[in-house]
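These notes concern the structure reproduced below.
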Amino acid sequence: MRTIEAGAITKAISRLFKQANYELGEDVLAALKKAKQDEESPLGREVIDTILKNARIAAEEKIPLCQDCGSAVVFLELGQDVHIVGGELYAAVNEGVRQAYNQGYLRKSMVTHPFSARTNTGDNTPAVIHTDIVSGDKLKIAVMPKGGGAENMAKLGMLLPASGRKGVVDFVVNAVSEAWSNPCPPVIIGVGIGGTAEKAMILAKHALLRRVGEPSPDKENADLEKEILKEVNNLGIGPMGYGGRITALAVHVESFPAHITALPVAVNLQCHSARHREIVL
């Protein structure tokens with residue numbers, strides 16, 4: 001049994017959310033630079049150039065990449081041989097979010113009673129936390145500040161099994177087409193296939209944590225990623241919806257077995273400000 005102090009978790013969460021909001025990962029920057037080279041539209045190239053300039057300024061001045069600093073989404077992989085001491089796990093995560101958004105001057109966007117009063121919580125808590133219990137004595141933390149513009153374009157389809165591969169491709173491409181400029185393209189497309197409705201949605205969001213453009217280790221999923229990306233980039237939406245070749249930087253697919261009567265497909269779009277960070281304690 002290995003112990004981890006709750007205070008260490010809070011400190012890590014705070015640091016990760018500030019870093020994620022200030023600095024794009026090297027994989028995202030590389031994908032954007034390649035997109036600028038591949039984009040055929042002069043206006044599209046200008047848009048991507050502005051995105052890259054914005055990223056440079058944010059990193060240099062330690063200011064948010066976007067005014068929407070997102071919902072605080074946290075993925076935890078908790079080793080079964082870990083014991084948290086000095087506090088409760090989720091309380092430690094939320095305290096880290098609270099500190100990050102207050103100390104880092106990040107916009108607080110969470111509201112209580114979303115169907116009525118919509119009162120701002122004042123510190124961007126509670127976080128949306130997904131926890132997996134895994135083997136070992138480590139705690140892996142991945143944070144994702146998820147902007148509302150992209151999140152609002154999420155789609156879930158409970159397809160008939162007969163829809164097959166083509167049905168999946170059409171559903172994802174149509175979701176991007178309907179979203180158009182709302183998720184701030186060029187986007188990263190997370191796709192979850194299988195399981196149940198909620199499992200597919202979590203798979204789609206988790207897929208966004210993968211390094212941009214890194215293919216799925218499953219060949220069938222990887223082939224599907226290529227096909228969807230090609231079709232999406234033939235839509236003509238382009239950077240920020242101004243037209244062009246590069247509507248998406250990548251498609252990331254995760255799949256899971258499903259019931260014999262079902263073919264759940266979920267789409268979660270990530271804007272060009274693809275912010276996430278992770279650490280292992």
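Going by the structure tokens order, chains are called A, B, ..., each with residues numbered from 1, while ligands are numbered from 1 in the order shown.
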
**Request:** Within segment 16-214 of chain A, find each residue whose DSSP state, derived from the backbone, is strand (DSSP E or B), and express the selection as a ChimeraX atom specification.
**Result:** /A:71-79,82-85,111-112,119-120,128-134,139-146,155-159,187-195

**Asked** Quick one: residues within 8 Å of Lys138 of chain A, only C-alpha atoms counted, chain neighbours fewer than 2 positions away excluded, as an MDAnalysis selection string?
**Response** chainID A and resid 78:79 81:82 136 140 280:281

Select from segment 74-170 of chain A every residue with an atom at most 10 Å from any atom of segment 190-201 of chain A, then for each give the shortest pair of atoms and their distance in Å to one decimal, using only C-alpha atoms, rows by chain and rising number, as a Markdown table.
```
| residue | atom | partner | partner_atom | distance |
| --- | --- | --- | --- | --- |
| A:Ala154 | CA | A:Met201 | CA | 8.6 |
| A:Lys155 | CA | A:Met201 | CA | 8.4 |
| A:Leu156 | CA | A:Met201 | CA | 7.1 |
| A:Gly157 | CA | A:Ala197 | CA | 8.3 |
| A:Met158 | CA | A:Ala197 | CA | 7.4 |
| A:Val168 | CA | A:Ile193 | CA | 8.4 |
```

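Here atom CA of Asp170 of chain A stands at a distance of 11.7 Å from atom CA of Leu229 of chain A.
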
**Message:** Using only C-alpha atoms, which protein or nucleic acid residues come within 10 Å of Gln103 of chain A? Drop anything in the same chain fewer than 6 positions from it, and give the result as a PyMOL selection string.
**Reply:** chain A and resi 14+18+97

**Contacts of Met240 of chain A within 7 Å, only C-alpha atoms, excl. fewer than 2 positions in-chain, as an NGL selection string** = :A and (181 or 184-186 or 238 or 242)

Taking N, CA and C atoms for each residue, export the selection above as a CSV table (one decimal), in the first residue's frame.
```csv
chain,number,residue,atom,x,y,z
A,181,SER,N,-19.1,26.4,-37.6
A,181,SER,CA,-18.0,27.2,-37.0
A,181,SER,C,-18.1,27.3,-35.5
A,184,CYS,N,-15.3,26.3,-33.1
A,184,CYS,CA,-14.0,27.0,-33.3
A,184,CYS,C,-13.0,26.1,-34.0
A,185,PRO,N,-13.2,25.6,-35.2
A,185,PRO,CA,-12.3,24.8,-36.0
A,185,PRO,C,-11.0,25.6,-36.3
A,186,PRO,N,-9.9,24.8,-36.6
A,186,PRO,CA,-9.9,23.4,-36.8
A,186,PRO,C,-10.0,22.6,-35.5
A,238,GLY,N,-13.4,24.8,-43.0
A,238,GLY,CA,-12.1,25.5,-42.8
A,238,GLY,C,-11.9,26.1,-41.5
A,242,TYR,N,-14.3,29.9,-42.0
A,242,TYR,CA,-14.2,30.9,-43.1
A,242,TYR,C,-13.9,30.2,-44.4
```

**Request:** Between A:Met153, A:Val111, A:Leu65, A:Ala6, single out the one closest to Gln19 of chain A, counting only C-alpha atoms.
**Result:** A:Leu65

Counting only C-alpha atoms, what are the residues of segment 119-182 of chain A within 12 Å of segment 250-262 of chain A, and for each of them which pair of atoms is the nearest and at what distance in Å, to one decimal? Sort the table by chain and rising number, as JSON lines.
```
{"residue": "A:Gly157", "atom": "CA", "partner": "A:Ala262", "partner_atom": "CA", "distance": 10.2}
{"residue": "A:Met158", "atom": "CA", "partner": "A:Ala262", "partner_atom": "CA", "distance": 6.8}
{"residue": "A:Leu159", "atom": "CA", "partner": "A:Ala262", "partner_atom": "CA", "distance": 6.6}
{"residue": "A:Leu160", "atom": "CA", "partner": "A:Ala262", "partner_atom": "CA", "distance": 5.9}
{"residue": "A:Pro161", "atom": "CA", "partner": "A:Ala262", "partner_atom": "CA", "distance": 5.7}
{"residue": "A:Ala162", "atom": "CA", "partner": "A:Ala262", "partner_atom": "CA", "distance": 9.3}
{"residue": "A:Ser163", "atom": "CA", "partner": "A:Ala262", "partner_atom": "CA", "distance": 10.1}
{"residue": "A:Gly164", "atom": "CA", "partner": "A:Ala262", "partner_atom": "CA", "distance": 10.6}
{"residue": "A:Val168", "atom": "CA", "partner": "A:Val253", "partner_atom": "CA", "distance": 11.0}
{"residue": "A:Val169", "atom": "CA", "partner": "A:Val253", "partner_atom": "CA", "distance": 11.2}
{"residue": "A:Val172", "atom": "CA", "partner": "A:Val251", "partner_atom": "CA", "distance": 9.9}
{"residue": "A:Val173", "atom": "CA", "partner": "A:Val251", "partner_atom": "CA", "distance": 10.8}
{"residue": "A:Val176", "atom": "CA", "partner": "A:Val251", "partner_atom": "CA", "distance": 11.3}
```

Write a file of the selected residues as a PDB file, in the first residue's frame, keeping N, CA and C atoms.
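For reference, selection-v4.pdb as written:
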```pdb
ATOM      1  N   GLY A 157     -25.701   9.336 -30.839  1.00  0.00           N
ATOM      2  CA  GLY A 157     -26.623   8.630 -31.711  1.00  0.00           C
ATOM      3  C   GLY A 157     -26.731   7.179 -31.302  1.00  0.00           C
ATOM      4  N   MET A 158     -27.951   6.718 -31.103  1.00  0.00           N
ATOM      5  CA  MET A 158     -28.176   5.297 -30.801  1.00  0.00           C
ATOM      6  C   MET A 158     -28.583   4.635 -32.115  1.00  0.00           C
ATOM      7  N   LEU A 159     -27.575   4.265 -32.905  1.00  0.00           N
ATOM      8  CA  LEU A 159     -27.811   3.743 -34.237  1.00  0.00           C
ATOM      9  C   LEU A 159     -28.256   2.283 -34.190  1.00  0.00           C
ATOM     10  N   LEU A 160     -28.922   1.869 -35.261  1.00  0.00           N
ATOM     11  CA  LEU A 160     -29.238   0.454 -35.408  1.00  0.00           C
ATOM     12  C   LEU A 160     -27.979  -0.291 -35.834  1.00  0.00           C
ATOM     13  N   PRO A 161     -27.767  -1.506 -35.358  1.00  0.00           N
ATOM     14  CA  PRO A 161     -26.578  -2.259 -35.753  1.00  0.00           C
ATOM     15  C   PRO A 161     -26.407  -2.358 -37.265  1.00  0.00           C
ATOM     16  N   ALA A 162     -27.512  -2.387 -38.001  1.00  0.00           N
ATOM     17  CA  ALA A 162     -27.435  -2.491 -39.454  1.00  0.00           C
ATOM     18  C   ALA A 162     -26.812  -1.255 -40.097  1.00  0.00           C
ATOM     19  N   SER A 163     -26.734  -0.154 -39.350  1.00  0.00           N
ATOM     20  CA  SER A 163     -26.119   1.066 -39.886  1.00  0.00           C
ATOM     21  C   SER A 163     -24.646   0.830 -40.200  1.00  0.00           C
ATOM     22  N   GLY A 164     -23.994   0.000 -39.410  1.00  0.00           N
ATOM     23  CA  GLY A 164     -22.619  -0.402 -39.673  1.00  0.00           C
ATOM     24  C   GLY A 164     -21.626   0.740 -39.733  1.00  0.00           C
ATOM     25  N   VAL A 168     -21.765   4.978 -38.974  1.00  0.00           N
ATOM     26  CA  VAL A 168     -20.897   5.674 -38.026  1.00  0.00           C
ATOM     27  C   VAL A 168     -20.220   6.871 -38.703  1.00  0.00           C
ATOM     28  N   VAL A 169     -19.649   6.645 -39.871  1.00  0.00           N
ATOM     29  CA  VAL A 169     -18.970   7.719 -40.594  1.00  0.00           C
ATOM     30  C   VAL A 169     -19.940   8.858 -40.887  1.00  0.00           C
ATOM     31  N   VAL A 172     -20.845  10.949 -37.717  1.00  0.00           N
ATOM     32  CA  VAL A 172     -19.783  11.843 -37.260  1.00  0.00           C
ATOM     33  C   VAL A 172     -19.626  13.034 -38.216  1.00  0.00           C
ATOM     34  N   VAL A 173     -19.599  12.759 -39.504  1.00  0.00           N
ATOM     35  CA  VAL A 173     -19.426  13.836 -40.481  1.00  0.00           C
ATOM     36  C   VAL A 173     -20.603  14.806 -40.407  1.00  0.00           C
ATOM     37  N   VAL A 176     -20.254  17.182 -37.433  1.00  0.00           N
ATOM     38  CA  VAL A 176     -19.306  18.271 -37.684  1.00  0.00           C
ATOM     39  C   VAL A 176     -19.933  19.291 -38.626  1.00  0.00           C
TER      40      VAL A 176
END
```

So which residues touch Asp49 of chain A within 9 Å, counting only C-alpha atoms, skipping near sequence neighbours fewer than 3 positions away, as a PDB file with N, CA and C atoms, in the first residue's frame?
```
ATOM      1  N   LEU A  32      -1.065  22.310 -35.619  1.00  0.00           N
ATOM      2  CA  LEU A  32      -1.506  23.588 -36.175  1.00  0.00           C
ATOM      3  C   LEU A  32      -0.520  24.111 -37.225  1.00  0.00           C
ATOM      4  N   LYS A  33       0.763  23.934 -36.974  1.00  0.00           N
ATOM      5  CA  LYS A  33       1.769  24.373 -37.940  1.00  0.00           C
ATOM      6  C   LYS A  33       1.667  23.572 -39.237  1.00  0.00           C
ATOM      7  N   LYS A  36      -1.344  24.762 -41.164  1.00  0.00           N
ATOM      8  CA  LYS A  36      -1.087  26.009 -41.891  1.00  0.00           C
ATOM      9  C   LYS A  36      -0.417  25.720 -43.229  1.00  0.00           C
ATOM     10  N   GLY A  44      -7.769  30.984 -44.667  1.00  0.00           N
ATOM     11  CA  GLY A  44      -7.601  29.911 -43.695  1.00  0.00           C
ATOM     12  C   GLY A  44      -6.214  29.908 -43.088  1.00  0.00           C
ATOM     13  N   ARG A  45      -5.200  30.115 -43.931  1.00  0.00           N
ATOM     14  CA  ARG A  45      -3.817  30.172 -43.424  1.00  0.00           C
ATOM     15  C   ARG A  45      -3.637  31.364 -42.486  1.00  0.00           C
ATOM     16  N   GLU A  46      -4.276  32.473 -42.820  1.00  0.00           N
ATOM     17  CA  GLU A  46      -4.182  33.669 -41.971  1.00  0.00           C
ATOM     18  C   GLU A  46      -4.815  33.409 -40.605  1.00  0.00           C
ATOM     19  N   LEU A  52      -1.829  30.622 -33.878  1.00  0.00           N
ATOM     20  CA  LEU A  52      -0.476  30.354 -33.390  1.00  0.00           C
ATOM     21  C   LEU A  52       0.107  31.570 -32.674  1.00  0.00           C
ATOM     22  N   LYS A  53      -0.174  32.746 -33.184  1.00  0.00           N
ATOM     23  CA  LYS A  53       0.306  33.972 -32.526  1.00  0.00           C
ATOM     24  C   LYS A  53      -0.343  34.110 -31.159  1.00  0.00           C
ATOM     25  N   ASN A  54      -1.637  33.833 -31.078  1.00  0.00           N
ATOM     26  CA  ASN A  54      -2.354  33.888 -29.811  1.00  0.00           C
ATOM     27  C   ASN A  54      -1.739  32.920 -28.799  1.00  0.00           C
TER      28      ASN A  54
END
```
